[in-house]
Each structure stands twice: as structure tokens, then as C-alpha cells.
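What follows is the content of run28.txt, which has compact mmCIF, C-alpha atoms:
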# COMPACT_ATOMS: atom_id res chain seq x y z
CA MET B 1 47.57 26.75 109.13
CA ARG B 2 47.45 30.55 109.16
CA ASN B 3 50.31 32.64 110.49
CA GLN B 4 48.60 34.96 112.96
CA LYS B 5 51.28 37.68 112.81
CA MET B 6 49.98 40.94 111.41
CA TYR B 7 52.60 42.52 109.19
CA GLU B 8 53.28 46.25 109.29
CA ALA B 9 55.07 48.79 107.13
CA ASP B 10 58.28 48.69 109.19
CA ASP B 11 58.66 44.90 109.01
CA LYS B 12 61.37 43.57 106.72
CA MET B 13 59.93 42.38 103.42
CA ILE B 14 62.13 39.30 103.50
CA SER B 15 60.62 38.29 106.85
CA ILE B 16 57.16 38.05 105.27
CA ILE B 17 58.50 35.72 102.59
CA ARG B 18 60.38 33.59 105.13
CA ASP B 19 57.17 33.20 107.12
CA ASN B 20 54.87 32.76 104.11
CA TYR B 21 56.62 31.66 100.93
CA ASN B 22 53.27 31.33 99.15
CA ILE B 23 52.97 35.12 98.82
CA LEU B 24 55.75 35.14 96.22
CA GLN B 25 53.15 35.16 93.44
CA SER B 26 51.40 38.10 95.12
CA LEU B 27 54.65 40.08 95.10
CA GLY B 28 54.86 39.67 91.35
CA ALA B 29 51.24 40.71 90.92
CA PHE B 30 51.99 43.96 92.75
CA GLY B 31 54.97 44.53 90.47
CA ILE B 32 57.52 43.92 93.25
CA SER B 33 60.68 42.15 92.11
CA LEU B 34 63.03 40.14 94.29
CA GLY B 35 66.45 41.48 95.22
CA PHE B 36 65.29 44.09 97.75
CA GLY B 37 67.85 43.17 100.41
CA ASP B 38 66.86 44.04 103.96
CA LYS B 39 64.46 46.86 103.08
CA THR B 40 61.23 47.28 104.99
CA VAL B 41 57.81 46.79 103.42
CA ARG B 42 57.41 50.57 103.22
CA GLU B 43 60.80 51.06 101.56
CA VAL B 44 60.19 48.31 98.99
CA CYS B 45 56.68 49.57 98.18
CA GLU B 46 57.86 53.16 97.80
CA THR B 47 60.70 52.05 95.52
CA GLU B 48 58.31 50.05 93.34
CA HIS B 49 55.55 52.75 93.45
CA VAL B 50 53.11 50.42 95.22
CA ASP B 51 50.70 51.77 97.80
CA THR B 52 51.95 50.37 101.13
CA TYR B 53 48.60 50.35 102.91
CA THR B 54 46.90 48.46 100.07
CA PHE B 55 49.76 45.97 99.81
CA LEU B 56 49.61 45.19 103.53
CA THR B 57 45.82 44.92 103.45
CA VAL B 58 45.97 42.25 100.74
CA VAL B 59 48.91 40.45 102.34
CA ASN B 60 47.38 40.33 105.81
CA PHE B 61 44.06 39.21 104.33
CA THR B 62 45.55 36.40 102.24
CA ILE B 63 47.85 35.22 105.03
CA ASN B 64 45.60 35.63 108.07
CA GLY B 65 42.13 36.27 106.68
CA TYR B 66 42.28 39.74 108.28
CA ARG B 67 39.36 41.81 106.94
CA ASP B 68 39.07 44.63 109.47
CA TYR B 69 41.35 47.17 107.82
CA ASP B 70 40.86 50.46 109.65
CA ASP B 71 40.32 52.83 106.73
CA ALA B 72 38.82 51.57 103.47
CA ASP B 73 39.21 55.04 101.94
CA ARG B 74 43.01 54.65 102.20
CA LEU B 75 42.97 51.66 99.87
CA SER B 76 44.38 52.49 96.45
CA ILE B 77 42.01 51.29 93.74
CA PRO B 78 44.67 51.66 90.99
CA THR B 79 46.96 49.42 93.07
CA LEU B 80 44.17 46.85 93.47
CA LEU B 81 43.44 46.95 89.74
CA HIS B 82 47.12 46.39 88.94
CA TYR B 83 47.25 43.48 91.38
CA LEU B 84 44.15 41.80 89.91
CA LYS B 85 45.17 42.35 86.28
CA ALA B 86 48.68 41.01 86.91
CA SER B 87 47.21 37.99 88.71
CA HIS B 88 45.11 37.28 85.62
CA GLU B 89 48.20 37.46 83.43
CA TYR B 90 50.02 35.05 85.73
CA PHE B 91 47.22 32.46 85.66
CA LEU B 92 46.31 32.76 81.99
CA ASP B 93 49.76 33.21 80.46
CA PHE B 94 51.89 31.09 82.80
CA GLU B 95 50.25 28.88 85.44
CA LEU B 96 47.46 27.26 83.42
CA PRO B 97 49.64 26.58 80.31
CA TYR B 98 52.44 25.28 82.57
CA ILE B 99 50.15 22.75 84.28
CA ARG B 100 48.82 21.64 80.90
CA LYS B 101 52.36 21.01 79.70
CA GLU B 102 53.04 18.96 82.84
CA LEU B 103 49.94 16.86 82.20
CA GLU B 104 50.92 16.29 78.56
CA GLU B 105 54.35 15.02 79.59
CA ALA B 106 52.90 12.75 82.29
CA LEU B 107 50.09 11.18 80.28
CA ASP B 108 49.94 8.84 77.31
CA GLU B 109 48.13 10.68 74.56
CA ASN B 110 46.94 7.38 73.09
CA ASP B 111 45.13 6.40 76.29
CA ASN B 112 41.40 7.18 76.41
CA LEU B 113 41.44 8.10 80.10
CA ALA B 114 44.42 10.38 79.52
CA ARG B 115 42.55 12.16 76.77
CA LEU B 116 39.58 12.58 79.14
CA ILE B 117 41.86 14.16 81.74
CA MET B 118 43.21 16.61 79.16
CA ARG B 119 39.70 17.45 77.99
CA LEU B 120 38.54 18.11 81.55
CA TYR B 121 41.55 20.30 82.17
CA ASP B 122 40.97 22.29 78.97
CA GLU B 123 37.32 22.82 79.91
CA TYR B 124 38.34 24.03 83.35
CA ALA B 125 41.02 26.35 81.93
CA HIS B 126 38.50 27.73 79.41
CA THR B 127 36.02 28.48 82.21
CA ILE B 128 38.67 30.35 84.20
CA LYS B 129 39.79 32.23 81.08
CA SER B 130 36.23 33.28 80.21
CA HIS B 131 35.64 34.52 83.76
CA MET B 132 38.83 36.56 83.84
CA LYS B 133 38.30 37.96 80.34
CA TYR B 134 34.85 39.14 81.42
CA GLU B 135 36.44 41.04 84.30
CA GLU B 136 39.04 42.57 82.00
CA LYS B 137 36.50 43.55 79.33
CA THR B 138 33.66 44.73 81.57
CA VAL B 139 34.50 45.11 85.27
CA PHE B 140 37.92 46.76 85.19
CA PRO B 141 37.00 49.34 82.49
CA TYR B 142 33.86 50.15 84.51
CA VAL B 143 35.98 50.83 87.60
CA GLU B 144 38.35 52.99 85.55
CA THR B 145 35.41 55.15 84.42
CA LEU B 146 34.35 55.52 88.06
CA LEU B 147 37.85 56.75 88.89
CA LYS B 148 37.29 59.44 86.26
CA ASN B 149 33.96 60.39 87.92
CA GLN B 150 32.02 59.03 84.95
CA PRO B 151 29.38 56.61 86.29
CA ALA B 152 27.73 54.22 83.84
CA ASP B 153 23.96 53.92 83.75
CA ASN B 154 23.94 50.35 82.44
CA TYR B 155 26.24 48.57 84.91
CA ASP B 156 27.15 48.43 88.59
CA ILE B 157 29.48 46.40 90.79
CA GLU B 158 26.51 44.54 92.31
CA THR B 159 25.90 42.91 88.92
CA PHE B 160 29.44 41.53 89.03
CA SER B 161 29.12 40.52 92.69
CA LYS B 162 25.96 38.46 92.11
CA HIS B 163 27.60 36.43 89.35
CA HIS B 164 31.01 36.14 90.94
CA GLY B 165 31.92 32.79 92.39
CA GLN B 166 34.50 30.06 92.32
CA ILE B 167 34.13 27.58 89.50
CA ASP B 168 35.63 24.39 90.83
CA GLN B 169 33.39 21.44 89.93
CA LYS B 170 35.44 20.51 86.85
CA LEU B 171 38.63 20.79 88.88
CA LYS B 172 37.28 18.38 91.52
CA GLU B 173 36.44 15.85 88.82
CA LEU B 174 39.90 16.29 87.31
CA LYS B 175 41.72 15.75 90.62
CA ASN B 176 39.68 12.66 91.46
CA ILE B 177 40.40 11.05 88.11
CA ILE B 178 44.12 11.82 88.29
CA ILE B 179 44.37 10.37 91.82
CA LYS B 180 42.67 7.17 90.70
CA TYR B 181 44.69 7.01 87.46
CA LEU B 182 48.26 7.37 88.79
CA PRO B 183 50.35 5.09 86.52
CA SER B 184 52.48 2.34 87.98
CA ASP B 185 55.87 3.25 86.52
CA GLY B 186 57.97 5.60 88.65
CA LEU B 187 58.73 8.37 86.13
CA HIS B 188 55.15 9.01 85.03
CA ASN B 189 53.93 8.62 88.58
CA ASN B 190 56.29 11.35 89.73
CA GLN B 191 55.39 13.59 86.81
CA LEU B 192 51.68 13.21 87.41
CA SER B 193 52.09 13.73 91.17
CA ALA B 194 53.98 16.96 90.50
CA ALA B 195 51.24 18.13 88.12
CA LEU B 196 48.58 17.24 90.68
CA TYR B 197 50.47 19.17 93.35
CA ASN B 198 50.53 22.24 91.10
CA ILE B 199 46.81 21.84 90.40
CA TYR B 200 46.11 21.92 94.12
CA ASN B 201 48.28 25.04 94.48
CA CYS B 202 46.52 26.66 91.52
CA GLU B 203 43.16 25.91 93.09
CA GLU B 204 44.26 27.54 96.35
CA TRP B 205 45.64 30.62 94.57
CA LEU B 206 42.48 31.07 92.52
CA ALA B 207 40.32 30.76 95.64
CA GLN B 208 42.50 33.38 97.29
CA HIS B 209 42.20 35.62 94.24
CA ALA B 210 38.40 35.33 94.32
CA SER B 211 38.37 36.13 98.05
CA VAL B 212 40.40 39.31 97.51
CA GLU B 213 37.82 40.38 94.94
CA ASP B 214 34.86 39.49 97.17
CA ASP B 215 36.13 40.88 100.48
CA ILE B 216 38.33 43.83 99.46
CA PHE B 217 37.82 44.87 95.84
CA ILE B 218 34.01 44.71 95.58
CA PRO B 219 33.33 46.54 98.91
CA VAL B 220 35.79 49.28 98.00
CA ILE B 221 34.23 49.72 94.55
CA ARG B 222 30.77 49.89 96.15
CA ARG B 223 31.99 52.84 98.22
CA LEU B 224 33.52 54.53 95.18
CA GLU B 225 30.38 53.88 93.15
CA SER B 226 28.20 55.44 95.84
CA ARG B 227 30.35 58.56 96.05
CA VAL B 228 30.60 59.04 92.30
CA LYS B 229 26.89 58.51 91.65
CA GLN B 230 25.94 60.83 94.49
CA THR B 231 28.23 63.50 93.07
CA ASP B 232 26.83 62.85 89.61
CA VAL B 233 23.24 63.41 90.80
CA SER B 234 24.24 66.71 92.41
CA PHE B 235 26.08 67.71 89.25
CA ARG B 236 23.07 66.90 87.06
CA ILE B 237 20.75 68.94 89.27
CA SER B 238 23.20 71.85 89.18
CA CYS B 239 23.45 71.63 85.39
CA MET B 240 19.69 71.44 85.10
CA LEU B 241 19.20 74.55 87.21
CA ASN B 242 21.90 76.48 85.36
CA LYS B 243 20.48 75.41 82.04
CA ASN B 244 17.01 76.45 83.08
CA ALA B 245 18.30 79.82 84.25
CA GLU B 246 19.86 80.41 80.84
CA ASN B 247 17.02 78.90 78.86
CA PRO B 248 16.01 81.36 76.13
CA GLU B 249 12.49 79.89 76.22
CA SER B 250 11.78 81.46 79.60
CA LEU B 251 8.62 81.01 81.62
CA SER B 252 5.81 83.48 81.29
CA GLU B 253 4.58 85.32 84.38
CA ARG B 254 1.40 83.24 84.35
CA GLU B 255 3.45 80.01 84.22
CA LYS B 256 5.44 81.22 87.22
CA ASP B 257 2.16 81.87 89.04
CA VAL B 258 1.09 78.31 88.29
CA ILE B 259 4.38 76.95 89.68
CA VAL B 260 3.96 78.95 92.88
CA SER B 261 0.44 77.63 93.28
CA LEU B 262 1.59 74.05 92.70
CA VAL B 263 4.37 74.43 95.25
CA GLN B 264 1.81 75.65 97.74
CA GLY B 265 -0.10 72.39 97.26
CA MET B 266 -3.06 73.60 95.19
CA THR B 267 -4.98 71.28 92.86
CA ASN B 268 -5.70 72.18 89.24
CA LYS B 269 -9.20 73.31 90.22
CA GLU B 270 -7.90 75.48 93.07
CA ILE B 271 -5.28 77.02 90.79
CA ALA B 272 -7.94 77.83 88.19
CA GLU B 273 -10.09 79.53 90.80
CA HIS B 274 -7.13 81.35 92.33
CA LEU B 275 -5.87 82.70 88.99
CA CYS B 276 -9.34 83.14 87.43
CA ILE B 277 -8.61 80.87 84.50
CA SER B 278 -10.09 77.59 83.28
CA ILE B 279 -8.87 74.16 84.36
CA ASN B 280 -7.91 73.41 80.75
CA THR B 281 -5.71 76.50 80.74
CA VAL B 282 -4.04 75.35 83.97
CA ILE B 283 -3.32 71.95 82.39
CA THR B 284 -1.88 73.66 79.29
CA HIS B 285 0.37 75.83 81.47
CA ARG B 286 1.59 72.76 83.38
CA ARG B 287 2.34 70.96 80.13
CA ASN B 288 4.35 73.94 78.87
CA ILE B 289 6.21 74.22 82.18
CA ALA B 290 7.22 70.55 82.05
CA ARG B 291 8.38 70.92 78.43
CA LYS B 292 10.43 74.04 79.08
CA LEU B 293 12.02 72.95 82.37
CA GLN B 294 12.09 69.18 81.81
CA ILE B 295 10.83 68.89 85.38
CA HIS B 296 7.79 66.74 85.99
CA SER B 297 7.67 66.12 89.74
CA PRO B 298 6.31 68.42 92.48
CA ALA B 299 9.62 68.04 94.34
CA GLY B 300 11.57 69.15 91.27
CA LEU B 301 9.31 72.16 90.76
CA THR B 302 9.69 73.06 94.43
CA ILE B 303 13.49 73.04 94.10
CA TYR B 304 13.23 75.14 90.95
CA ALA B 305 10.90 77.65 92.63
CA ILE B 306 13.20 78.03 95.67
CA VAL B 307 16.42 78.35 93.64
CA ASN B 308 14.87 80.91 91.31
CA ASP B 309 13.33 82.96 94.16
CA LEU B 310 9.73 82.31 93.13
CA VAL B 311 8.94 81.27 96.70
CA ASP B 312 10.66 81.62 100.05
CA ILE B 313 11.87 78.33 101.48
CA SER B 314 10.27 79.16 104.82
CA SER B 315 6.84 79.15 103.18
CA VAL B 316 7.26 75.68 101.69
CA LYS B 317 6.05 72.61 103.55
CA LEU B 318 8.99 70.16 103.28
What is this file in C-alpha cells?
Amino acid sequence: MRNQKMYEADDKMISIIRDNYNILQSLGAFGISLGFGDKTVREVCETEHVDTYTFLTVVNFTINGYRDYDDADRLSIPTLLHYLKASHEYFLDFELPYIRKELEEALDENDNLARLIMRLYDEYAHTIKSHMKYEEKTVFPYVETLLKNQPADNYDIETFSKHHGQIDQKLKELKNIIIKYLPSDGLHNNQLSAALYNIYNCEEWLAQHASVEDDIFIPVIRRLESRVKQTDVSFRISCMLNKNAENPESLSEREKDVIVSLVQGMTNKEIAEHLCISINTVITHRRNIARKLQIHSPAGLTIYAIVNDLVDISSVKL
């Protein structure tokens, strides 16, 4: 059952743990160590160089399902990346190997059903590992390039979002078999029960991890992506215009006349009549203009003509 209290920066950090002991793993993922006494959330986060707003957003989401944080732009993407990467390390390097060791100790390796349980667990662990390694190899580096204002043309966060989901079918099979297989002797029964309990906890933590990615990380990266790509388009247009202005292969006066005519909406035939040249000559001029400026659309030529004072913006039909 969810604790409906919404935690704030001036709450004592220890009070959050007393109310919700299951966030202990989240503390480690943020890089927050125990031993912080009676410090507030803000004091602990500042000491550990963790963004307080981002920490509270994740904590209140995982504890209460609270999604309506008031300012997405205040979320620290580096803090989120650290949290997700550290969570991966916890699952891959500690939790999954630890559960496997528990299963090994609880099961008879000579029993066929026991070997099936181990195989199912290894398949499940491999699936989780592959998913997390994909994020580490592809998604996280992509986000880091966005933070440097370097958008990639061959990837976007929507690609990750469409293929992101919880992989739990193997885990369901594993739990069902273990429940039905519980051995009769007390020691192995207790060992297997403890392993099963940790599997359930692991399943809950992984679901929580996926939800943080779906409901906090992905939306925030969409916003960053939009800003960076919008800035990148403006930058490319600016570079294009500056490059064209400095282009040693400048336009001839006749080519400029053709551009002005095009901006005014004339057809090739009308341009030929207006400039007293043949249609073939008009087509040749247009081909040369496109080659020199690397601009092929009427809208692009209109922008070029306005920026370079070939036409007055007031005379252009926008």
C-alpha cells in the first residue's frame, strides 16, 4: 500500500527511510551513503552533490506514484543518468548474481527440475542484462551527446520508448515452478523461500526502474531532444547563410534577378519573358543557383533573398 505523504526538501532523510525502507536501494543508486544523522533531504543531497529536486521527484514517484512534478526543466538529467546507471550496476553486479547463488544453494544440482529452474533463471537474467547493456551502449551515450548540444541524425528517444517494456514472462514461469517445487525438508524449504522472496523483490524493483524510465526519464529526454534539435536547425540555417555570404563562387547579377523573380512567384516561362531570355537559360540559371547555394526549395530561396537584401520582406507573400 502506498504511503501518500509527499516528501519535501526540509523533511529528515531518516524519516523517509523509516516510512519506506524499500527506497534504500534508490539511495545507493543516487550515490547517497548511510550515516547522515538527522540531516534534511536538502542537506544530504547537497553534501553528496545530488540534485535535490530530481531526487525528490524520483522518490515521490516510486513511493506514491506522483507524476505531476511542477517543473520538468528543473530535473537534472545528469542526476537521472547517474541514478539509472547505478541501478543497472546494482542489478547486474549484485542482485541477479546474489539470487542465483541463493538458488544454487537451495536446489539439488542433480535434479532435472532444479536444473530447469536454473536454466529459466539464467535466461531471465540474460534478457535483463541484454536490455540494460543496450541502454548503456546506445541510449545513455545518445543522451550525453544531447547534453553537449550534438543531436544524432540516426537515433531518437522515441525509438527507445517504442521498444521499452518489462520482460517478465520467464520470471512468471520461474516463480510458478519454484512454488510448486518447494522441497519437503526444512532447510532447503527455507532457503528456497528466501530466494523466492528476493525474486519477488527484484521483480518489483525492476518494474519500478522501468517506470522511472517511462514516466520521468523518457519525457524529460523528449523535451531536451526537442530543444537541441530546434537549436541545431537554427544553427544550420545560420551557418548556411553565413557560408553563402562568404562563398567565393558568388551569384551573377542575372542569377540574382532569377531569384527575385522566383520569390515573386513567377514560373519559368514568366521569368523568361520578364528577363528576355529563353526558358532553357532560366532552367540553367536555376540549376546553377541550386548548386552554388545548396538551396532547392522556394522557401529557402525566399529566406536567402530576404537575408541578402535582394527583396524587401514586405513585398513577399508569406
Can you work out which one of B:Ile216, B:Leu301, B:Leu196, B:Ile306 has the shortest atom-to-atom distance to B:Glu255, counting only C-alpha atoms?
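Once distances to B:Glu255 are computed over only C-alpha atoms, the minimum belongs to B:Leu301.
Nearest residue to B:Tyr124 among B:Ile178, B:Ala106, B:Leu96, B:Val44 is B:Leu96, counting all atoms listed in the file.
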Which residues are near B:Asp257? Cut-off 10 Å, only C-alpha atoms, ignore same chain within fewer than 6 positions. Put them as a list in words.
Leu251, Val263, Ile271, His274, Leu275, His285 and Leu310 of chain B
May I have the residues at most 12 Å from (38.9, 10.2, 81.1) in the file's coordinates, counting only C-alpha atoms, as a PyMOL selection string?
chain B and resi 107-121+173-178+180-181
Sphere at (55.8, 48.1, 107.1), radius 6 Å, counting all atoms listed in the file: residues as a list of chain:residue names:
B:Glu8, B:Ala9, B:Asp10, B:Asp11, B:Thr40, B:Val41, B:Arg42
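Atom CA of B:Asn268 sits 7.3 Å away from atom CA of B:Ile283.
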Residues near B:Ala195, anyone? I mean within 9 Å using all atoms listed in the file, not counting same-chain ones fewer than 6 positions away, as JSON, numbers by chain.
{"B": [99, 100, 101, 102, 103, 106]}
Those same residues - C-alpha atoms - I'd like them written as a PDB file, in the coordinates of the input.
ATOM      1  CA  ILE B  99      50.150  22.750  84.280  1.00  0.00           C
ATOM      2  CA  ARG B 100      48.820  21.640  80.900  1.00  0.00           C
ATOM      3  CA  LYS B 101      52.360  21.010  79.700  1.00  0.00           C
ATOM      4  CA  GLU B 102      53.040  18.960  82.840  1.00  0.00           C
ATOM      5  CA  LEU B 103      49.940  16.860  82.200  1.00  0.00           C
ATOM      6  CA  ALA B 106      52.900  12.750  82.290  1.00  0.00           C
TER       7      ALA B 106
END
What separation in Å, quoted to one decimal, exists between atom CA of B:Thr62 and atom CA of B:Glu123?
27.4 Å
Enclose the full set of atoms of stretch 265-277 of chain B listed in the file within a box whose edges lie along x, y and z, apply 8 Å of padding to each of the six sides, and report centre and edge lengths in Å to one decimal as AutoDock Vina command-line options.
--center_x -5.1 --center_y 77.2 --center_z 90.9 --size_x 26.0 --size_y 27.9 --size_z 28.8
Straight-line distance linking atom CA of B:Ala29 with atom CA of B:Leu84, stated in Å to one decimal:
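Taking atom CA of B:Ala29 as the start and atom CA of B:Leu84 as the end point, the length is 7.2 Å.
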Point out the residue among B:Ser33, B:Ser252, B:Gln264, B:Asn64 with the least atom-to-atom distance to B:Lys292, counting only C-alpha atoms.
B:Ser252
